[in-house]
Number of protein chains: 4
Amino acid sequence: MESGRLEAFSDGVFAVAITLLALDLSHGVPGGESLADHLAREWPAFAAYVVSFLTIGIIWVNHHTLFKNFSEIDRTLLFLNLLLLFFVVSIPFATSTTGAYLRGDHHADAALAVAIFQGVFEGMSISFGLLSWWAIKREHLKIAMTPEQARRASIRFGIGNIGYIAGIGIAFVSPLASLALAGVVAVYYIFEQTPGRSQAAVGPDGMPPQEPPGP
Amino acid sequence: MESGRLEAFSDGVFAVAITLLALDLSHGVPGGESLADHLAREWPAFAAYVVSFLTIGIIWVNHHTLFKNFSEIDRTLLFLNLLLLFFVVSIPFATSTTGAYLRGDHHADAALAVAIFQGVFEGMSISFGLLSWWAIKREHLKIAMTPEQARRASIRFGIGNIGYIAGIGIAFVSPLASLALAGVVAVYYIFEQTPGRSQAAVGPDGMPPQEPPGP
Amino acid sequence: MESGRLEAFSDGVFAVAITLLALDLSHGVPGGESLADHLAREWPAFAAYVVSFLTIGIIWVNHHTLFKNFSEIDRTLLFLNLLLLFFVVSIPFATSTTGAYLRGDHHADAALAVAIFQGVFEGMSISFGLLSWWAIKREHLKIAMTPEQARRASIRFGIGNIGYIAGIGIAFVSPLASLALAGVVAVYYIFEQTPGRSQAAVGPDGMPPQEPPGP
Amino acid sequence: MESGRLEAFSDGVFAVAITLLALDLSHGVPGGESLADHLAREWPAFAAYVVSFLTIGIIWVNHHTLFKNFSEIDRTLLFLNLLLLFFVVSIPFATSTTGAYLRGDHHADAALAVAIFQGVFEGMSISFGLLSWWAIKREHLKIAMTPEQARRASIRFGIGNIGYIAGIGIAFVSPLASLALAGVVAVYYIFEQTPGRSQAAVGPDGMPPQEPPGP
């Protein structure tokens, strides 16, 4: 219950950020062009929207899973959570910038836009890693992880981080390939799990039980 | 309680999406035209706003009714819920596109805009059907449905789905008739009920009791 | 607890609507004019913003007070609440329209804008009255009201309703006087109370006790 | 529990306001300029965004800490909280105005914009001080403060208030120095604490315990 209001505030930020993604789509509605042409020309904005929606949705699921296991919240966690939200709040800006420049003729602009897009995701990923690391270090989690489980969790995070960092570099070669990579990382996280969801503590339906299994 | 945070996040998305609908109305406020003329010319935007408001309101009521009966949430439900929210988040975009093109001279644009509008509603309806189907299949519902009740629930959903699919086709003949049909489907759902609200489990005030009625 | 999610969704809508009020202020930020001149010219937008902020804030306080006393929610209450939220969601549009036209030269536009503004408030007030009336009629309130208390509550509501209806008429004579009247009604409601807060059930701090006072 | 819905509504407003800050960044995305040039020119908007994000984040943390210690909410607290939210809701407007004018050539505009920015923060700070003062005066706090603790809390608040008031004056000499000062005040509050978090009541992790420590 101690973590209730932090989750409520975070959920509010996640909810507003994920809904604002589509707001930028409607801002682009023009007057002097056929709608079919407009939508065809705007496809990078829709692609960036889908990738960002998935990414915010997944970080929300992981945030939910991590905080469900918290027994208490300290002031450092509050500010690490704010750092995470800073990057979440920046996603609509990065998405709309990507949508606006990816369709243009200027390769340098498209590259920079997608590099910022990937940079914001990387910042979000690092912040989430810090949150998890602090929670484990200070033993705020109700369910302890074995060293083996902690090692696996690190690997899972590492894959996402490497994906985003590689994406920053790839953006300057092929912005579209970099955007596609961000989509692949999102799909990867749909099927992978956060450190709080350790294998020993997962029930048959894929969720940790309410109570730790042993005495 | 397990479903509390999923509901809080979903409520946030529903609340932001339903409030952003009217934001697009104020974006259209011009300077060089009389307000009465402007409002008269913008009536399709107001009509689309009312239909979308009703539709989001009803899906929220049904979401509320479905999740109230959930005993637990698994990871698949989290992502099926995200799929539902994807379409909900797209409604302000579809609504503003419909409002922008329905009043125009180009029949093809108006037809495409309303077809997208109906397509987003159909996607939302299918996602909600998947959520309900998964909940019933995995027996996450606290109140079991008889086969007869499940059959009736399917019919209720089917009517909405057929309405939206028909609406996509009708949009290319008469965009306005299609928008009116979406309004009729919304009014239909105000008086109809979701699978979770089975008839045997409904009290005299139209709501299921807190506890299943028998031993 | 039954009313928890309805309150969460409503709070989300109230919170988004009240925050979007100020968004329209920043949309008006220009480039080619001194900021001091701009702000001086935009004063009707700031006045409308303050009146709308107060009005949404007060309806939230009253909503909070009413639902705190609910023992259960039926489907009719869900849809009456949606009707209330429909008008709340329309307030940012009405506010921004008032701000845009009140400073203009065209008296007819300013009159229509302020009449819409008052009409939205009147719709909100009637919806809230319907919510309260249904709750009392169906005996959903935990704390019963005496006929005398119900009569006083009706008078309190009537004063607000008469204010908004008068405001619609006054708008066509003097839009500014009508806006000022809406501000006066808001201040009136800060010091007055909703039907759920009957005098017999009010503790020394002005709030109803957790439990009804008698055996 | 009495304060639950006030916190939920406030969290919604904080969440929307903090997320709208970045919305204004994407509204500035142009077409006819290289993205790198645009971002370089828009740096005051990003600086103002970071300062406002930190400030809203900190006021949320302090709000959370204060209300966690409330045993009950009276009507005056509801309206003092609305006053606080009025200033919070104005922050996106003040931030976007600062971002728009700070980069311009007109010193008077930049000075006025930053003075408004600091004035909104000062209003927020005074409102929060009133909330705390009322809570202590009416003894709504679960954990009593000693006179020494109350004195220290006043000093902490005073430093922030003096910072914002000085910032209003400094804005007319150097708008940039004033913006930097607002950033320094935000960082100060990250490491300082609110009146509700009195030293005697702080556990080893920096948070007050659930129960007062002794008889």
# chains A, B, ... in the order shown; residues from 1 in each chain; ligands from 1

$ interface_residues --of "chain D" --to "chain B" --cutoff "12 Å" --atoms "only C-alpha atoms" --output "short mmCIF file (atom, residue, chain, number, x, y, z; two decimals) with N, CA and C atoms, in the first residue's frame"
data_model
loop_
_atom_site.label_atom_id
_atom_site.label_comp_id
_atom_site.auth_asym_id
_atom_site.auth_seq_id
_atom_site.Cartn_x
_atom_site.Cartn_y
_atom_site.Cartn_z
N ALA D 8 -5.92 10.97 -5.56
CA ALA D 8 -6.08 10.44 -6.91
C ALA D 8 -6.30 11.57 -7.91
N PHE D 9 -7.15 12.53 -7.55
CA PHE D 9 -7.41 13.67 -8.43
C PHE D 9 -6.14 14.50 -8.61
N ASP D 11 -3.05 13.54 -8.20
CA ASP D 11 -2.09 12.78 -9.00
C ASP D 11 -2.41 12.89 -10.48
N GLY D 12 -3.71 12.84 -10.80
CA GLY D 12 -4.10 12.99 -12.20
C GLY D 12 -3.66 14.33 -12.75
N VAL D 13 -3.89 15.40 -11.99
CA VAL D 13 -3.50 16.73 -12.46
C VAL D 13 -1.98 16.82 -12.59
N ALA D 15 0.07 14.40 -13.13
CA ALA D 15 0.50 13.54 -14.23
C ALA D 15 0.23 14.19 -15.59
N VAL D 16 -0.95 14.81 -15.74
CA VAL D 16 -1.26 15.44 -17.02
C VAL D 16 -0.36 16.65 -17.23
N THR D 19 3.15 15.70 -18.19
CA THR D 19 3.26 15.11 -19.52
C THR D 19 3.01 16.15 -20.61
N LEU D 20 2.16 17.14 -20.31
CA LEU D 20 1.91 18.20 -21.31
C LEU D 20 3.14 19.07 -21.52
#

$ residues_around --residues "Ser3 (chain D)" --least-positions-apart "5" --cutoff "9 Å" --atoms "only C-alpha atoms" --output "VMD selection string"
chain D and resid 8 67 to 68 70 to 73

$ write_last_selection --atoms "C-alpha atoms" --output "short mmCIF file (atom, residue, chain, number, x, y, z; two decimals), in the first residue's frame"
data_model
loop_
_atom_site.label_atom_id
_atom_site.label_comp_id
_atom_site.auth_asym_id
_atom_site.auth_seq_id
_atom_site.Cartn_x
_atom_site.Cartn_y
_atom_site.Cartn_z
CA ALA D 8 -6.08 10.44 -6.91
CA PHE D 67 -0.91 13.71 2.58
CA LYS D 68 0.43 10.35 3.70
CA PHE D 70 -3.09 13.23 7.06
CA SER D 71 -5.65 11.62 9.29
CA GLU D 72 -8.55 13.56 7.76
CA ILE D 73 -9.40 16.11 5.10
#

$ residues_around --residues "region 86-99 of chain D" --least-positions-apart "3" --cutoff "6 Å" --atoms "only C-alpha atoms" --output "ChimeraX atom specification"
/C:19,22,26 /D:17,21,44-45,48,83,102,113-114,117,120,124

$ select_by_dssp --residues "region 99-149 of chain B" --states "helix (DSSP H, G or I)" --output "number ranges by chain"
B: 99-102, 107-137, 147-149

$ write_last_selection --atoms "C-alpha atoms" --output "PDB file, in the first residue's frame"
ATOM      1  CA  GLY B  99     -14.730  15.755 -38.455  1.00  0.00           C
ATOM      2  CA  ALA B 100     -12.188  17.339 -40.814  1.00  0.00           C
ATOM      3  CA  TYR B 101     -13.165  15.447 -43.992  1.00  0.00           C
ATOM      4  CA  LEU B 102     -16.894  14.744 -43.560  1.00  0.00           C
ATOM      5  CA  HIS B 107     -16.699  12.126 -51.291  1.00  0.00           C
ATOM      6  CA  ALA B 108     -13.701   9.773 -51.455  1.00  0.00           C
ATOM      7  CA  ASP B 109     -12.002  11.513 -48.515  1.00  0.00           C
ATOM      8  CA  ALA B 110     -15.161  11.522 -46.394  1.00  0.00           C
ATOM      9  CA  ALA B 111     -15.745   7.837 -47.196  1.00  0.00           C
ATOM     10  CA  LEU B 112     -12.188   6.855 -46.246  1.00  0.00           C
ATOM     11  CA  ALA B 113     -12.304   8.931 -43.033  1.00  0.00           C
ATOM     12  CA  VAL B 114     -15.551   7.322 -41.849  1.00  0.00           C
ATOM     13  CA  ALA B 115     -14.329   3.855 -42.898  1.00  0.00           C
ATOM     14  CA  ILE B 116     -11.224   4.370 -40.686  1.00  0.00           C
ATOM     15  CA  PHE B 117     -13.542   5.604 -37.890  1.00  0.00           C
ATOM     16  CA  GLN B 118     -15.627   2.420 -38.137  1.00  0.00           C
ATOM     17  CA  GLY B 119     -12.488   0.298 -38.509  1.00  0.00           C
ATOM     18  CA  VAL B 120     -11.065   1.627 -35.247  1.00  0.00           C
ATOM     19  CA  PHE B 121     -14.376   0.860 -33.498  1.00  0.00           C
ATOM     20  CA  GLU B 122     -14.366  -2.648 -35.019  1.00  0.00           C
ATOM     21  CA  GLY B 123     -10.791  -3.192 -33.797  1.00  0.00           C
ATOM     22  CA  MET B 124     -11.825  -2.061 -30.331  1.00  0.00           C
ATOM     23  CA  SER B 125     -14.831  -4.371 -30.371  1.00  0.00           C
ATOM     24  CA  ILE B 126     -12.776  -7.391 -31.501  1.00  0.00           C
ATOM     25  CA  SER B 127     -10.150  -6.690 -28.820  1.00  0.00           C
ATOM     26  CA  PHE B 128     -12.839  -6.549 -26.169  1.00  0.00           C
ATOM     27  CA  GLY B 129     -14.279  -9.821 -27.485  1.00  0.00           C
ATOM     28  CA  LEU B 130     -10.804 -11.419 -27.245  1.00  0.00           C
ATOM     29  CA  LEU B 131     -10.428 -10.165 -23.644  1.00  0.00           C
ATOM     30  CA  SER B 132     -13.803 -11.669 -22.696  1.00  0.00           C
ATOM     31  CA  TRP B 133     -13.098 -14.911 -24.571  1.00  0.00           C
ATOM     32  CA  TRP B 134      -9.719 -15.375 -22.876  1.00  0.00           C
ATOM     33  CA  ALA B 135     -11.178 -14.613 -19.436  1.00  0.00           C
ATOM     34  CA  ILE B 136     -13.928 -17.207 -19.945  1.00  0.00           C
ATOM     35  CA  LYS B 137     -11.603 -19.801 -21.502  1.00  0.00           C
ATOM     36  CA  PRO B 147     -23.499 -22.281 -22.102  1.00  0.00           C
ATOM     37  CA  GLU B 148     -26.826 -20.550 -22.770  1.00  0.00           C
ATOM     38  CA  GLN B 149     -25.551 -17.309 -21.221  1.00  0.00           C
TER      39      GLN B 149
END

$ atom_distance --atom1 "CA of His64 (chain D)" --atom2 "CA of Phe14 (chain D)"
11.2 Å

$ residues_around --residues "Ile190 (chain C)" --least-positions-apart "6" --cutoff "9 Å" --atoms "only C-alpha atoms" --output "number ranges by chain"
C: 54, 58; D: 79
